[in-house]
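Below: one structure, written as structure tokens.
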Amino acid sequence: MKKKTIKDLSDADVRGKRALVRVDFNVPLDNGRVSDDTRIRAALPTIQALLDRGARVILLSHLGRPKGKPEVKYSLEPVAHRLTELLPAQKITFIETTDTDEAMKATHDPNAHVVLLENTRFLGGEETNDERLARGLSQLGDFYVNDAFGSAHRAHASTEGVAHYLKPAVAGLLMERELEYLGGALENPKQPFVAVLGGAKVSGKVDVIERLLPKVDKLLIGGAMACTFFKAMGLETGKSLVEADRVAMAKDLLARAGDKLLLPVDAMVSSGLDAAQSAHAVARDAIPPHEAMFDIGPKSAAAFAEAIMGAKTVIWNGPMGVFETKPFDAGTRAVAEAMAKATKTGATTIVGGGDSAAAVAEMKLEDAMSHVSTGGGASLEFLEGKVLPGVAALDDR
Ligand code: ADP
Ligand code: MG
């Protein structure tokens with residue numbers, strides 16, 4: 001179902017009105033400063049578009065995991081500072097109390113063009129999606145915009161509840177972009193369609209595998225996940241991370257997937273992550289009993305890259321190895337670089353998953369992808385085919 005976006009709002013809906021905008025400013029902090037402002041920058045187009053159309057913008061976000069009451073270390077104040085730097089032409093009004101009357105006053109101040117309210121998770125009813133809180137929040141705007149894709153898989157008062165009481169309730173530009181790319185890949189991907197899955201655990205990604213398998217031309221599996229499949233093939237996996245309770249499922253998938261499933265043919269192994277300097281490549285049927293696979297091997301990386309470069313749609317979730325520790329970043333790097341090349345030749349390339357996105361950012365390849373999702377958990381649930389409550393609550397087009 002297509003959702004309304006801020007582009008569907010008329011000028012009468014927007015001009016002089018208070019836009020209550022749920023953003024995802026859940027950013028990492030270091031010594032009271034924002035250490036990665038990617039998520040703040042991702043929300044700027046929506047904020048700017050609303051300001052340009054004459055709205056005043058009231059921002060809601062959570063940060064971290066406070067337990068329904070204020071905690072200084074989770075204050076959004078550092079975010080307000082960063083936002084001031086990113087929007088130098090605007091005065092940012094930060095409301096440091098969770099008192100709704102105070103907030104209400106600020107939203108009616110004609111000189112306050114951008115208002116940031118304190119952490120929504122300081123409010124008791126946020127995570128329980130309390131109806132009274134949702135109604136209270138709905139009083140803070142004249143219409144509702146959800147641009148927090150990264151929080152859309154949670155039915156909280158500021159992400160879901162409020163959308164029932166404040167209309168119109170529409171998607172922001174970031175939310176629209178996320179749904180377009182992820183939804184497009186699932187609904188009508190240009191073929192060949194290749195999915196690349198990795199990461200630590202098969203168990204977290206079973207539903208994604210099941211959902212994608214019938215749709216893709218090839219499913220490439222790396223990461224520790226591959227080891228569970230090796231086990232299912234009767235191979236020695238040494239000290240690699242294997243999920244014993246998923247071996248039967250992997251066997252079943254192997255039987256069903258046929259030649260759609262592309263597994264690594266070799267592995268980078270060592271006796272431990274602290275012995276990374278002794279890493280060496282072995283064939284997948286020669287993993288030494290006292291060593292573990294920490295990355296796909298060079299032959300696999302080349303085969304994966306070839307499959308990716310031949311695709312017209314690529315969706316990637318989960319690193320190919322322990323990319324945080326060199327040299328086990330090589331497989332992940334090969335996938336990212338192949339995707340960058342595929343983008344250049346006209347393929348649609350999408351990265352979902354928090355760690356995969358972090359790896360791409362570290363390699364400075366974000367701009368080389370068609371889309372890097374800002375929502376780790378949300379993108380995974382979306383790919384599993386789950387309904388995201390924060391999206392479902394928005395007005396249909
Ligand atoms: P994403 O956040 O992109 O969805 P996951 O959270 O599923 O990815 O998995 C990321 C983690 O998987 C990384 O911390 C990485 O170190 C780990 N990982 C990948 N391959 C292996 C492996 N072979 N052995 C152990 N851990 C691995
Ligand atoms: Mg992760």
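Within each chain, counting starts at residue 1; across the structure tokens, chains are named A, B, ... in the order shown, with ligands numbered 1 upward in that order.
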
So that each row is one residue of chain A with an atom at most 9 Å from ligand 1, can you give its shortest atom pair and the distance in Å to one decimal, using only C-alpha atoms and all ligand atoms, rows by chain and rising number, as a tab-separated table?
```
residue	atom	partner	partner_atom_place_in_ligand_line	distance
A:Leu197	CA	ligand 1	7 (O)	8.5
A:Gly198	CA	ligand 1	7 (O)	6.4
A:Gly199	CA	ligand 1	9 (O)	3.2
A:Ala200	CA	ligand 1	12 (O)	3.7
A:Lys201	CA	ligand 1	7 (O)	6.1
A:Val202	CA	ligand 1	7 (O)	8.3
A:Gly204	CA	ligand 1	7 (O)	7.1
A:Lys205	CA	ligand 1	7 (O)	7.7
A:Gly222	CA	ligand 1	20 (N)	7.1
A:Gly223	CA	ligand 1	20 (N)	3.4
A:Ala224	CA	ligand 1	23 (N)	3.6
A:Met225	CA	ligand 1	23 (N)	7.2
A:Ala226	CA	ligand 1	23 (N)	7.7
A:Cys227	CA	ligand 1	23 (N)	7.5
A:Ser240	CA	ligand 1	24 (N)	6.4
A:Leu241	CA	ligand 1	24 (N)	5.7
A:Val242	CA	ligand 1	24 (N)	8.8
A:Ala267	CA	ligand 1	23 (N)	8.8
A:Met268	CA	ligand 1	23 (N)	8.7
A:Val269	CA	ligand 1	23 (N)	8.8
A:Ala292	CA	ligand 1	24 (N)	7.6
A:Met293	CA	ligand 1	23 (N)	5.2
A:Phe294	CA	ligand 1	23 (N)	3.7
A:Asp295	CA	ligand 1	23 (N)	5.0
A:Ile296	CA	ligand 1	23 (N)	7.5
A:Trp316	CA	ligand 1	3 (O)	8.3
A:Asn317	CA	ligand 1	3 (O)	5.1
A:Gly318	CA	ligand 1	3 (O)	3.7
A:Pro319	CA	ligand 1	19 (C)	5.3
A:Met320	CA	ligand 1	20 (N)	5.3
A:Gly321	CA	ligand 1	20 (N)	3.3
A:Val322	CA	ligand 1	16 (O)	3.4
A:Phe323	CA	ligand 1	16 (O)	5.7
A:Glu324	CA	ligand 1	16 (O)	6.1
A:Thr325	CA	ligand 1	16 (O)	7.9
A:Phe328	CA	ligand 1	20 (N)	8.4
A:Thr332	CA	ligand 1	19 (C)	8.9
A:Val351	CA	ligand 1	3 (O)	8.4
A:Gly352	CA	ligand 1	3 (O)	6.5
A:Gly353	CA	ligand 1	3 (O)	3.6
A:Gly354	CA	ligand 1	2 (O)	3.9
A:Asp355	CA	ligand 1	2 (O)	3.6
A:Ser356	CA	ligand 1	3 (O)	3.7
A:Ala357	CA	ligand 1	3 (O)	6.4
A:Ala358	CA	ligand 1	3 (O)	7.8
A:Ala359	CA	ligand 1	3 (O)	8.3
A:Gly376	CA	ligand 1	2 (O)	6.2
A:Gly377	CA	ligand 1	4 (O)	7.6
A:Ser379	CA	ligand 1	4 (O)	8.9
A:Leu380	CA	ligand 1	4 (O)	7.3
```

Those same residues - C-alpha atoms - I'd like them written as a CSV table (one decimal), in the first residue's frame.
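Output file selection-v9.csv follows:
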```csv
chain,number,residue,atom,x,y,z
A,197,LEU,CA,23.5,-12.3,3.2
A,198,GLY,CA,26.0,-12.6,5.9
A,199,GLY,CA,26.6,-11.7,9.5
A,200,ALA,CA,26.9,-13.7,12.6
A,201,LYS,CA,23.8,-15.8,12.8
A,202,VAL,CA,21.5,-17.7,10.5
A,204,GLY,CA,18.3,-13.9,12.8
A,205,LYS,CA,18.0,-14.1,9.1
A,222,GLY,CA,28.8,-15.5,3.6
A,223,GLY,CA,29.7,-14.6,7.2
A,224,ALA,CA,29.5,-17.1,10.0
A,225,MET,CA,26.2,-18.1,8.6
A,226,ALA,CA,28.0,-20.0,5.9
A,227,CYS,CA,29.6,-22.3,8.5
A,240,SER,CA,33.9,-21.6,13.6
A,241,LEU,CA,30.7,-20.1,14.8
A,242,VAL,CA,28.0,-22.8,14.0
A,267,ALA,CA,37.6,-19.6,3.8
A,268,MET,CA,40.0,-17.3,5.7
A,269,VAL,CA,40.9,-19.1,8.9
A,292,ALA,CA,37.9,-20.9,12.8
A,293,MET,CA,36.5,-19.3,9.6
A,294,PHE,CA,36.5,-15.5,10.0
A,295,ASP,CA,36.0,-14.5,6.4
A,296,ILE,CA,35.1,-15.9,3.0
A,316,TRP,CA,23.0,-6.9,0.8
A,317,ASN,CA,22.6,-7.5,4.5
A,318,GLY,CA,25.3,-8.7,6.8
A,319,PRO,CA,29.1,-8.6,6.5
A,320,MET,CA,31.0,-11.5,4.8
A,321,GLY,CA,33.4,-11.8,7.8
A,322,VAL,CA,34.7,-10.2,11.0
A,323,PHE,CA,35.3,-7.0,9.1
A,324,GLU,CA,36.2,-5.2,12.3
A,325,THR,CA,39.5,-7.1,12.4
A,328,PHE,CA,39.0,-10.5,7.8
A,332,THR,CA,33.2,-7.6,2.9
A,351,VAL,CA,22.6,-2.0,1.7
A,352,GLY,CA,20.5,-2.9,4.7
A,353,GLY,CA,21.7,-3.8,8.2
A,354,GLY,CA,23.5,-1.8,10.8
A,355,ASP,CA,26.9,-3.5,10.6
A,356,SER,CA,26.9,-3.7,6.8
A,357,ALA,CA,26.1,0.0,6.6
A,358,ALA,CA,28.9,0.8,9.0
A,359,ALA,CA,31.3,-1.3,6.9
A,376,GLY,CA,19.2,-1.8,10.7
A,377,GLY,CA,16.4,-3.7,12.5
A,379,SER,CA,15.2,-2.9,7.2
A,380,LEU,CA,15.6,-6.5,8.2
```

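When the distance limit is 8 Å and only C-alpha atoms are what count, the residues near range 298-314 of chain A, minus those fewer than 6 positions from it on the same chain, are Ala185, Pro189, Lys190, Gln191, Pro192, Phe193, Val194, Ala195, Val196, Lys218, Leu220, Leu263, Pro264, Val265, Asp266, Ala267, Ala281, Gly331, Ala334, Val335, Ala338, Met339, Lys341, Ala342, Gly346, Ala347, Thr348, Thr349 and Ile350 of chain A.
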
Give me, as an MDAnalysis selection string, the residues of range 238-284 of chain A that a backbone DSSP run labels helix (DSSP H, G or I). chainID A and resid 244:260 273:278 284

Give me, as a PyMOL selection string, all polymer residues having an atom no more than 9 Å from Gly385 in chain A, counting only C-alpha atoms and skipping those fewer than 4 positions away in the same chain. chain A and resi 186+207-208+211+380-381

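The space between CA of Asp30 in chain A and CA of Thr374 in chain A spans 20.0 Å.
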
Please compute the CA of Lys260 in chain A-CA of Ala368 in chain A distance, one decimal, in Å.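 Rounded to one decimal, the two atoms are 26.4 Å apart.
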
Contact residues around range 173-184 of chain A with only C-alpha atoms at 10 Å, ignoring same-chain residues under 2 positions, as a short mmCIF file (atom, residue, chain, number, x, y, z; two decimals) with C-alpha atoms, in the first residue's frame:
```
data_model
loop_
_atom_site.label_atom_id
_atom_site.label_comp_id
_atom_site.auth_asym_id
_atom_site.auth_seq_id
_atom_site.Cartn_x
_atom_site.Cartn_y
_atom_site.Cartn_z
CA LYS A 2 1.43 3.37 -1.02
CA LYS A 3 1.61 5.94 1.75
CA LYS A 4 1.09 9.68 1.51
CA THR A 5 4.22 11.77 1.82
CA ILE A 6 4.86 15.44 2.52
CA LYS A 7 4.79 15.94 -1.26
CA VAL A 23 12.93 11.70 13.24
CA ALA A 42 19.52 12.10 6.66
CA ALA A 43 16.57 14.01 8.15
CA LEU A 44 17.62 17.44 6.85
CA PRO A 45 15.88 17.24 3.44
CA THR A 46 12.50 16.72 5.14
CA ILE A 47 13.11 19.48 7.69
CA ALA A 49 11.38 21.04 2.65
CA VAL A 145 5.31 13.43 9.57
CA ASN A 146 7.19 10.20 10.20
CA ASP A 147 10.74 10.29 8.86
CA ALA A 148 12.14 7.79 11.39
CA PHE A 149 12.47 4.67 9.27
CA GLY A 150 14.95 3.24 11.78
CA ALA A 152 9.30 2.26 12.24
CA VAL A 170 2.40 11.27 6.18
CA ALA A 171 5.87 9.96 5.39
CA LEU A 186 10.94 -6.87 -3.19
CA GLU A 187 8.06 -6.00 -5.50
CA ASN A 188 9.55 -5.56 -8.94
CA PRO A 189 13.32 -5.99 -9.00
CA LYS A 190 15.14 -5.60 -12.29
CA THR A 313 19.38 -5.44 -8.55
CA ILE A 315 20.43 -6.27 -1.94
CA THR A 348 20.18 -0.75 -8.25
CA THR A 349 22.27 -1.54 -5.18
CA ILE A 350 20.86 -1.53 -1.67
CA VAL A 351 22.60 -2.03 1.67
CA GLY A 352 20.52 -2.89 4.72
CA SER A 370 21.99 3.41 -4.83
CA HIS A 371 20.76 3.32 -1.26
CA VAL A 372 22.19 2.62 2.17
CA SER A 373 19.38 2.06 4.63
CA THR A 374 19.41 4.06 7.87
CA GLY A 375 17.41 1.35 9.62
CA SER A 379 15.20 -2.91 7.16
CA LEU A 380 15.56 -6.54 8.25
CA PHE A 382 10.84 -5.03 6.13
CA LEU A 383 12.76 -7.59 4.06
CA GLY A 385 7.83 -9.06 4.85
CA VAL A 391 4.51 2.88 8.33
#
```

Which one of A:Ile92, A:Met233, A:Leu116, A:Leu254 sits closest to Leu20 in chain A if you count only C-alpha atoms? A:Leu116

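Residues in contact range of Phe143 in chain A, defined as at most 7 Å between only C-alpha atoms, with sequence neighbours fewer than 2 positions away removed, read Arg18, Ala19, Leu20, Gly141, Val145, Leu166, Lys167, Pro168 and Ala169 of chain A.
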